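Just start25.txt here, compact mmCIF, N, CA and C atoms:
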```txt
# COMPACT_ATOMS: atom_id res chain seq x y z
N MET H 1 51.14 -183.90 73.92
CA MET H 1 52.03 -183.72 72.79
C MET H 1 51.94 -184.95 71.89
N ALA H 2 51.68 -184.73 70.63
CA ALA H 2 51.58 -185.85 69.67
C ALA H 2 52.95 -186.45 69.41
N ASP H 3 52.96 -187.71 69.05
CA ASP H 3 54.20 -188.39 68.73
C ASP H 3 54.38 -188.40 67.21
N PHE H 4 55.46 -187.83 66.74
CA PHE H 4 55.74 -187.75 65.31
C PHE H 4 57.03 -188.50 64.99
N ASP H 5 57.20 -188.83 63.72
CA ASP H 5 58.40 -189.54 63.28
C ASP H 5 59.64 -188.65 63.38
N PHE H 6 59.45 -187.35 63.19
CA PHE H 6 60.58 -186.42 63.18
C PHE H 6 60.27 -185.19 64.01
N ASP H 7 61.32 -184.61 64.57
CA ASP H 7 61.19 -183.31 65.23
C ASP H 7 61.22 -182.19 64.19
N LEU H 8 61.93 -182.45 63.09
CA LEU H 8 62.04 -181.48 62.00
C LEU H 8 62.10 -182.25 60.69
N PHE H 9 61.34 -181.80 59.72
CA PHE H 9 61.41 -182.38 58.39
C PHE H 9 61.76 -181.27 57.42
N VAL H 10 62.83 -181.44 56.67
CA VAL H 10 63.32 -180.43 55.74
C VAL H 10 63.00 -180.87 54.32
N ILE H 11 62.38 -179.97 53.58
CA ILE H 11 62.11 -180.24 52.16
C ILE H 11 63.13 -179.46 51.36
N GLY H 12 64.03 -180.18 50.72
CA GLY H 12 65.05 -179.57 49.88
C GLY H 12 66.43 -179.62 50.50
N GLY H 13 67.39 -180.10 49.70
CA GLY H 13 68.77 -180.25 50.16
C GLY H 13 69.69 -179.18 49.63
N GLY H 14 69.20 -177.95 49.56
CA GLY H 14 70.06 -176.83 49.20
C GLY H 14 70.83 -176.37 50.43
N SER H 15 71.55 -175.28 50.29
CA SER H 15 72.40 -174.79 51.39
C SER H 15 71.61 -174.54 52.67
N GLY H 16 70.45 -173.88 52.56
CA GLY H 16 69.65 -173.58 53.75
C GLY H 16 69.09 -174.83 54.39
N GLY H 17 68.56 -175.74 53.58
CA GLY H 17 68.00 -176.98 54.11
C GLY H 17 69.06 -177.84 54.77
N VAL H 18 70.22 -177.92 54.15
CA VAL H 18 71.32 -178.71 54.71
C VAL H 18 71.77 -178.13 56.04
N ARG H 19 71.89 -176.82 56.11
CA ARG H 19 72.32 -176.19 57.36
C ARG H 19 71.31 -176.43 58.48
N ALA H 20 70.02 -176.23 58.19
CA ALA H 20 68.99 -176.44 59.21
C ALA H 20 68.99 -177.89 59.67
N ALA H 21 69.03 -178.83 58.73
CA ALA H 21 69.00 -180.25 59.08
C ALA H 21 70.24 -180.64 59.89
N ARG H 22 71.38 -180.18 59.45
CA ARG H 22 72.64 -180.53 60.13
C ARG H 22 72.65 -180.00 61.56
N PHE H 23 72.31 -178.74 61.75
CA PHE H 23 72.34 -178.17 63.09
C PHE H 23 71.35 -178.86 64.01
N ALA H 24 70.14 -179.14 63.50
CA ALA H 24 69.14 -179.83 64.32
C ALA H 24 69.60 -181.25 64.66
N GLY H 25 70.12 -181.95 63.66
CA GLY H 25 70.60 -183.32 63.89
C GLY H 25 71.75 -183.37 64.88
N GLN H 26 72.66 -182.40 64.79
CA GLN H 26 73.80 -182.36 65.70
C GLN H 26 73.38 -182.07 67.14
N ARG H 27 72.19 -181.53 67.29
CA ARG H 27 71.67 -181.24 68.63
C ARG H 27 70.73 -182.33 69.13
N GLY H 28 70.72 -183.46 68.43
CA GLY H 28 69.97 -184.61 68.89
C GLY H 28 68.53 -184.70 68.43
N MET H 29 68.10 -183.78 67.57
CA MET H 29 66.73 -183.85 67.06
C MET H 29 66.63 -184.96 66.02
N ARG H 30 65.44 -185.54 65.89
CA ARG H 30 65.16 -186.53 64.85
C ARG H 30 64.80 -185.73 63.59
N VAL H 31 65.65 -185.83 62.57
CA VAL H 31 65.49 -184.99 61.38
C VAL H 31 65.32 -185.86 60.14
N GLY H 32 64.33 -185.51 59.33
CA GLY H 32 64.14 -186.12 58.03
C GLY H 32 64.35 -185.07 56.96
N MET H 33 64.79 -185.50 55.81
CA MET H 33 65.00 -184.58 54.69
C MET H 33 64.63 -185.28 53.39
N ALA H 34 63.93 -184.56 52.53
CA ALA H 34 63.62 -185.07 51.20
C ALA H 34 64.25 -184.13 50.17
N GLU H 35 64.91 -184.72 49.21
CA GLU H 35 65.48 -183.99 48.07
C GLU H 35 65.20 -184.81 46.83
N SER H 36 64.62 -184.18 45.82
CA SER H 36 64.25 -184.92 44.62
C SER H 36 65.38 -185.04 43.60
N LYS H 37 66.39 -184.23 43.76
CA LYS H 37 67.51 -184.28 42.81
C LYS H 37 68.79 -184.49 43.59
N ARG H 38 69.87 -183.88 43.12
CA ARG H 38 71.15 -184.00 43.80
C ARG H 38 71.26 -182.97 44.91
N MET H 39 71.98 -183.33 45.96
CA MET H 39 72.16 -182.43 47.09
C MET H 39 72.93 -181.17 46.65
N GLY H 40 72.61 -180.08 47.30
CA GLY H 40 73.29 -178.83 47.04
C GLY H 40 72.38 -177.76 46.45
N GLY H 41 71.24 -178.17 45.96
CA GLY H 41 70.28 -177.21 45.44
C GLY H 41 70.69 -176.57 44.13
N THR H 42 69.98 -175.52 43.78
CA THR H 42 70.18 -174.83 42.51
C THR H 42 71.60 -174.27 42.40
N CYS H 43 72.09 -173.63 43.46
CA CYS H 43 73.41 -172.98 43.40
C CYS H 43 74.50 -173.98 43.03
N VAL H 44 74.56 -175.08 43.73
CA VAL H 44 75.62 -176.05 43.49
C VAL H 44 75.47 -176.74 42.14
N ASN H 45 74.25 -177.12 41.79
CA ASN H 45 74.06 -178.00 40.64
C ASN H 45 73.89 -177.31 39.30
N VAL H 46 73.19 -176.20 39.26
CA VAL H 46 72.93 -175.56 37.97
C VAL H 46 73.08 -174.04 38.00
N GLY H 47 73.49 -173.47 39.12
CA GLY H 47 73.54 -172.02 39.24
C GLY H 47 74.93 -171.48 39.49
N CYS H 48 75.15 -171.05 40.70
CA CYS H 48 76.36 -170.32 41.07
C CYS H 48 77.65 -171.06 40.74
N ILE H 49 77.75 -172.30 41.16
CA ILE H 49 79.00 -173.04 41.00
C ILE H 49 79.34 -173.29 39.53
N PRO H 50 78.43 -173.88 38.73
CA PRO H 50 78.77 -174.06 37.31
C PRO H 50 79.10 -172.73 36.62
N LYS H 51 78.35 -171.68 36.95
CA LYS H 51 78.59 -170.37 36.34
C LYS H 51 80.00 -169.87 36.68
N LYS H 52 80.38 -170.00 37.94
CA LYS H 52 81.71 -169.54 38.35
C LYS H 52 82.81 -170.33 37.66
N LEU H 53 82.64 -171.64 37.56
CA LEU H 53 83.67 -172.46 36.91
C LEU H 53 83.82 -172.07 35.43
N TYR H 54 82.70 -171.86 34.75
CA TYR H 54 82.77 -171.43 33.34
C TYR H 54 83.34 -170.02 33.22
N SER H 55 82.98 -169.16 34.15
CA SER H 55 83.50 -167.78 34.12
C SER H 55 85.02 -167.77 34.33
N TYR H 56 85.49 -168.55 35.30
CA TYR H 56 86.94 -168.63 35.54
C TYR H 56 87.65 -169.14 34.29
N ALA H 57 87.09 -170.16 33.66
CA ALA H 57 87.71 -170.72 32.45
C ALA H 57 87.77 -169.66 31.35
N ALA H 58 86.71 -168.88 31.19
CA ALA H 58 86.66 -167.87 30.14
C ALA H 58 87.69 -166.77 30.37
N GLU H 59 87.98 -166.45 31.62
CA GLU H 59 88.95 -165.39 31.92
C GLU H 59 90.36 -165.73 31.46
N TYR H 60 90.68 -166.99 31.34
CA TYR H 60 92.03 -167.38 30.94
C TYR H 60 92.39 -166.89 29.55
N ALA H 61 91.45 -166.85 28.62
CA ALA H 61 91.75 -166.41 27.25
C ALA H 61 92.35 -165.01 27.26
N GLU H 62 91.74 -164.10 27.99
CA GLU H 62 92.25 -162.73 28.08
C GLU H 62 93.60 -162.71 28.80
N GLY H 63 93.73 -163.54 29.84
CA GLY H 63 94.99 -163.60 30.58
C GLY H 63 96.15 -164.07 29.71
N PHE H 64 95.89 -165.06 28.86
CA PHE H 64 96.95 -165.53 27.95
C PHE H 64 97.37 -164.42 27.00
N ALA H 65 96.41 -163.68 26.48
CA ALA H 65 96.72 -162.58 25.55
C ALA H 65 97.50 -161.49 26.27
N ASP H 66 97.08 -161.13 27.47
CA ASP H 66 97.76 -160.09 28.24
C ASP H 66 99.17 -160.51 28.64
N ALA H 67 99.38 -161.78 28.90
CA ALA H 67 100.67 -162.27 29.39
C ALA H 67 101.80 -161.95 28.42
N ARG H 68 101.50 -162.00 27.13
CA ARG H 68 102.54 -161.71 26.13
C ARG H 68 103.07 -160.30 26.29
N GLY H 69 102.20 -159.37 26.66
CA GLY H 69 102.62 -157.98 26.88
C GLY H 69 103.50 -157.81 28.10
N TYR H 70 103.55 -158.80 28.95
CA TYR H 70 104.39 -158.75 30.14
C TYR H 70 105.60 -159.67 30.03
N GLY H 71 105.91 -160.04 28.78
CA GLY H 71 107.11 -160.82 28.54
C GLY H 71 106.95 -162.32 28.56
N TRP H 72 105.75 -162.80 28.77
CA TRP H 72 105.54 -164.24 28.77
C TRP H 72 105.52 -164.76 27.35
N SER H 73 106.16 -165.91 27.17
CA SER H 73 106.13 -166.57 25.88
C SER H 73 105.30 -167.84 26.01
N ILE H 74 104.23 -167.88 25.26
CA ILE H 74 103.34 -169.05 25.31
C ILE H 74 103.47 -169.74 23.96
N PRO H 75 104.07 -170.95 23.95
CA PRO H 75 104.23 -171.63 22.66
C PRO H 75 102.88 -172.00 22.06
N GLY H 76 102.67 -171.63 20.84
CA GLY H 76 101.42 -171.95 20.15
C GLY H 76 100.27 -171.12 20.66
N GLU H 77 99.15 -171.30 20.06
CA GLU H 77 97.93 -170.59 20.47
C GLU H 77 97.19 -171.43 21.52
N PRO H 78 96.88 -170.87 22.68
CA PRO H 78 96.13 -171.64 23.69
C PRO H 78 94.77 -172.06 23.13
N THR H 79 94.37 -173.27 23.46
CA THR H 79 93.08 -173.77 23.01
C THR H 79 92.29 -174.31 24.21
N LEU H 80 91.00 -174.28 24.08
CA LEU H 80 90.12 -174.78 25.13
C LEU H 80 89.60 -176.15 24.73
N ASP H 81 89.74 -177.11 25.64
CA ASP H 81 89.16 -178.43 25.45
C ASP H 81 87.82 -178.44 26.19
N TRP H 82 86.74 -178.20 25.47
CA TRP H 82 85.41 -178.06 26.05
C TRP H 82 84.99 -179.31 26.81
N ASP H 83 85.29 -180.49 26.26
CA ASP H 83 84.91 -181.73 26.93
C ASP H 83 85.60 -181.89 28.28
N THR H 84 86.87 -181.49 28.35
CA THR H 84 87.60 -181.55 29.62
C THR H 84 87.01 -180.58 30.63
N LEU H 85 86.69 -179.38 30.19
CA LEU H 85 86.08 -178.40 31.08
C LEU H 85 84.75 -178.93 31.63
N LYS H 86 83.91 -179.48 30.76
CA LYS H 86 82.61 -180.01 31.20
C LYS H 86 82.80 -181.18 32.17
N HIS H 87 83.75 -182.06 31.87
CA HIS H 87 84.02 -183.20 32.76
C HIS H 87 84.47 -182.71 34.13
N ASN H 88 85.40 -181.77 34.16
CA ASN H 88 85.92 -181.26 35.43
C ASN H 88 84.86 -180.50 36.22
N ARG H 89 83.98 -179.77 35.50
CA ARG H 89 82.86 -179.09 36.15
C ARG H 89 81.95 -180.12 36.81
N ALA H 90 81.60 -181.18 36.09
CA ALA H 90 80.73 -182.22 36.63
C ALA H 90 81.39 -182.89 37.84
N GLN H 91 82.69 -183.12 37.78
CA GLN H 91 83.40 -183.74 38.90
C GLN H 91 83.40 -182.83 40.13
N SER H 92 83.59 -181.54 39.93
CA SER H 92 83.55 -180.58 41.05
C SER H 92 82.18 -180.59 41.71
N ILE H 93 81.13 -180.59 40.90
CA ILE H 93 79.77 -180.61 41.43
C ILE H 93 79.50 -181.92 42.16
N ALA H 94 79.93 -183.02 41.60
CA ALA H 94 79.74 -184.33 42.26
C ALA H 94 80.45 -184.35 43.62
N ASN H 95 81.62 -183.74 43.70
CA ASN H 95 82.34 -183.67 44.97
C ASN H 95 81.54 -182.88 46.01
N LEU H 96 80.95 -181.77 45.58
CA LEU H 96 80.13 -180.97 46.49
C LEU H 96 78.87 -181.73 46.91
N ASN H 97 78.24 -182.44 45.97
CA ASN H 97 77.07 -183.28 46.30
C ASN H 97 77.45 -184.27 47.40
N ALA H 98 78.60 -184.91 47.25
CA ALA H 98 79.06 -185.91 48.22
C ALA H 98 79.34 -185.29 49.58
N ILE H 99 79.88 -184.08 49.60
CA ILE H 99 80.13 -183.39 50.87
C ILE H 99 78.81 -183.14 51.59
N TYR H 100 77.80 -182.66 50.86
CA TYR H 100 76.49 -182.42 51.48
C TYR H 100 75.90 -183.73 52.01
N GLU H 101 76.01 -184.81 51.24
CA GLU H 101 75.49 -186.11 51.70
C GLU H 101 76.20 -186.54 52.98
N LYS H 102 77.52 -186.36 53.01
CA LYS H 102 78.30 -186.75 54.19
C LYS H 102 77.91 -185.93 55.42
N LEU H 103 77.62 -184.65 55.22
CA LEU H 103 77.17 -183.82 56.33
C LEU H 103 75.86 -184.35 56.91
N MET H 104 74.96 -184.80 56.03
CA MET H 104 73.68 -185.33 56.50
C MET H 104 73.88 -186.64 57.24
N THR H 105 74.74 -187.50 56.73
CA THR H 105 75.03 -188.77 57.40
C THR H 105 75.63 -188.51 58.77
N GLY H 106 76.58 -187.60 58.83
CA GLY H 106 77.24 -187.28 60.10
C GLY H 106 76.29 -186.71 61.14
N ALA H 107 75.26 -186.00 60.68
CA ALA H 107 74.28 -185.42 61.61
C ALA H 107 73.11 -186.36 61.86
N LYS H 108 73.18 -187.58 61.32
CA LYS H 108 72.14 -188.60 61.48
C LYS H 108 70.79 -188.15 60.94
N VAL H 109 70.82 -187.44 59.81
CA VAL H 109 69.59 -187.01 59.15
C VAL H 109 69.08 -188.18 58.30
N ASP H 110 67.80 -188.48 58.42
CA ASP H 110 67.17 -189.53 57.62
C ASP H 110 66.89 -188.94 56.24
N ARG H 111 67.75 -189.22 55.30
CA ARG H 111 67.73 -188.62 53.97
C ARG H 111 66.89 -189.46 53.03
N MET H 112 65.88 -188.84 52.40
CA MET H 112 65.00 -189.54 51.45
C MET H 112 65.16 -188.93 50.07
N GLN H 113 65.25 -189.79 49.07
CA GLN H 113 65.35 -189.35 47.68
C GLN H 113 63.94 -189.29 47.11
N GLY H 114 63.45 -188.10 46.87
CA GLY H 114 62.12 -187.97 46.31
C GLY H 114 61.59 -186.56 46.44
N HIS H 115 60.42 -186.36 45.87
CA HIS H 115 59.75 -185.06 45.88
C HIS H 115 58.77 -185.02 47.04
N ALA H 116 58.93 -184.04 47.93
CA ALA H 116 58.08 -183.94 49.11
C ALA H 116 57.04 -182.85 48.94
N SER H 117 55.89 -183.09 49.56
CA SER H 117 54.83 -182.08 49.60
C SER H 117 54.09 -182.21 50.93
N LEU H 118 53.49 -181.12 51.35
CA LEU H 118 52.74 -181.12 52.60
C LEU H 118 51.34 -181.65 52.33
N ALA H 119 50.94 -182.67 53.09
CA ALA H 119 49.60 -183.23 52.96
C ALA H 119 48.63 -182.54 53.91
N ASP H 120 49.11 -182.21 55.11
CA ASP H 120 48.34 -181.44 56.09
C ASP H 120 49.33 -180.87 57.10
N ALA H 121 48.84 -180.34 58.18
CA ALA H 121 49.70 -179.65 59.15
C ALA H 121 50.77 -180.55 59.78
N HIS H 122 50.58 -181.86 59.74
CA HIS H 122 51.53 -182.76 60.39
C HIS H 122 51.99 -183.91 59.50
N THR H 123 51.73 -183.81 58.19
CA THR H 123 52.06 -184.91 57.30
C THR H 123 52.80 -184.42 56.06
N VAL H 124 53.93 -185.07 55.79
CA VAL H 124 54.69 -184.79 54.57
C VAL H 124 54.64 -186.06 53.73
N ARG H 125 54.29 -185.92 52.47
CA ARG H 125 54.30 -187.05 51.53
C ARG H 125 55.57 -186.96 50.70
N VAL H 126 56.23 -188.09 50.53
CA VAL H 126 57.44 -188.13 49.70
C VAL H 126 57.21 -189.14 48.59
N ARG H 127 57.21 -188.65 47.36
CA ARG H 127 57.17 -189.52 46.18
C ARG H 127 58.62 -189.88 45.89
N HIS H 128 58.95 -191.11 46.14
CA HIS H 128 60.35 -191.55 46.02
C HIS H 128 60.77 -191.62 44.56
N GLY H 129 62.01 -191.28 44.32
CA GLY H 129 62.61 -191.34 43.00
C GLY H 129 64.11 -191.21 43.11
N THR H 130 64.76 -191.39 42.02
CA THR H 130 66.21 -191.31 42.01
C THR H 130 66.67 -190.00 41.39
N ALA H 131 67.82 -189.59 41.77
CA ALA H 131 68.41 -188.35 41.24
C ALA H 131 68.87 -188.58 39.82
N PRO H 132 68.75 -187.57 38.99
CA PRO H 132 69.27 -187.71 37.62
C PRO H 132 70.80 -187.74 37.66
N PRO H 133 71.42 -188.39 36.71
CA PRO H 133 72.90 -188.43 36.71
C PRO H 133 73.44 -187.04 36.42
N PRO H 134 74.65 -186.73 36.94
CA PRO H 134 75.27 -185.43 36.65
C PRO H 134 75.47 -185.27 35.14
N SER H 135 75.28 -184.06 34.66
CA SER H 135 75.47 -183.81 33.22
C SER H 135 76.75 -183.05 32.98
```

Let's see the structure in the file written out as structure tokens.
Amino acid sequence: MADFDFDLFVIGGGSGGVRAARFAGQRGMRVGMAESKRMGGTCVNVGCIPKKLYSYAAEYAEGFADARGYGWSIPGEPTLDWDTLKHNRAQSIANLNAIYEKLMTGAKVDRMQGHASLADAHTVRVRHGTAPPPS
């Protein structure tokens, strides 16, 4: 049996990669992980989560209008502060990124910031880099 640096190497810190790495690490395996951007993958950073937050915010406009028909009095016309919404969305995503990072630390996963590719059947190359700041 060849001696390798890791029992499992995960490319990508999305939900599936995090789960695989965490479970393997919690069972005592030597686990490495490379993620070139922020933890959480597409869903957390640019997909499902941002979409849901914007969708929830958009639903309030209709709710405010409907509320008047049910006897609610809303002083003035409700307005949306776009900058506040964007700030709070970014903060929510940053919190999720931190949770994923903490899960990796707790499972003793050797987390690398960079883009990984397979060089051969037993070699992963990681071009190190930093994550872009949250937008």

*Taking into account only N, CA and C atoms, which residue in the set H:Ala94, H:Leu80, H:Ala34, H:Val126 is nearest to Arg111 of chain H?*
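The closest residue to Arg111 of chain H is H:Ala34.
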
*For Gly106 of chain H, please output as a list in words all residues within 8 Å (counting all atoms listed in the file; exclusion window: fewer than 6 positions along the same chain).*
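Everything that qualifies: Arg22, Gly25, Gln26 and Tyr100 of chain H.
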
*asked:* Just the number, please: distance in Å from atom C of Gly114 of chain H to atom C of Gly32 of chain H, one decimal.
replied: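 Calculated distance between atom C of Gly114 of chain H and atom C of Gly32 of chain H is 11.0 Å.
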
*All helix (DSSP H, G or I) positions in chain H, as an NGL selection string*: :H and (15-26 or 41-45 or 48-69 or 82-106)

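Atom to atom, atom CA of Asn97 of chain H and atom CA of Tyr60 of chain H stand 26.7 Å apart.
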
*asked:* Given the point (65.3, -181.5, 47.0) in the file's coordinates, find the residues that have an atom at most 5 Å from it, counting all atoms listed in the file, and give them as a list in words.
replied: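 Nearby residues: Gly12, Gly13, Ala34, Glu35, Ser36 and Lys37 of chain H.
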
*To one decimal place, how far is atom C of Pro78 of chain H from atom N of Glu62 of chain H in Å?*
9.8 Å

*May I have the residues within 7 Å of Asp5 of chain H as JSON, numbers by chain, using only N, CA and C atoms and disregarding those fewer than 3 positions away in the same chain?*
{"H": [8, 30, 31, 32]}

Applying 6 Å and all atoms listed in the file, which residues near segment 39-42 of chain H remain after dropping the ones on its own chain fewer than 4 positions away? List them as a compact mmCIF listing (two decimals) with N, CA and C atoms, keeping the file's coordinate frame.
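This is the output file part24.txt:
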```
# COMPACT_ATOMS: atom_id res chain seq x y z
N GLY H 13 67.39 -180.10 49.70
CA GLY H 13 68.77 -180.25 50.16
C GLY H 13 69.69 -179.18 49.63
N GLY H 14 69.20 -177.95 49.56
CA GLY H 14 70.06 -176.83 49.20
C GLY H 14 70.83 -176.37 50.43
N SER H 15 71.55 -175.28 50.29
CA SER H 15 72.40 -174.79 51.39
C SER H 15 71.61 -174.54 52.67
N VAL H 46 73.19 -176.20 39.26
CA VAL H 46 72.93 -175.56 37.97
C VAL H 46 73.08 -174.04 38.00
N GLY H 47 73.49 -173.47 39.12
CA GLY H 47 73.54 -172.02 39.24
C GLY H 47 74.93 -171.48 39.49
N CYS H 48 75.15 -171.05 40.70
CA CYS H 48 76.36 -170.32 41.07
C CYS H 48 77.65 -171.06 40.74
N LEU H 96 80.95 -181.77 45.58
CA LEU H 96 80.13 -180.97 46.49
C LEU H 96 78.87 -181.73 46.91
N ASN H 97 78.24 -182.44 45.97
CA ASN H 97 77.07 -183.28 46.30
C ASN H 97 77.45 -184.27 47.40
```

_For Ile11 of chain H, the nearest of the candidates H:His115, H:His87, H:Lys102, H:Arg127, counting all atoms listed in the file_ =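 That would be H:His115, the residue with the smallest distance to Ile11 of chain H.
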
*May I have all residues of segment 45-114 of chain H that DSSP, computed from the backbone, assigns to strand (DSSP E or B), given as a count of residues only?*
5

*Option closest in space to Asn88 of chain H, from H:Leu53, H:Arg27, H:Thr123, H:Phe4 [counting only C-alpha atoms]*: H:Leu53
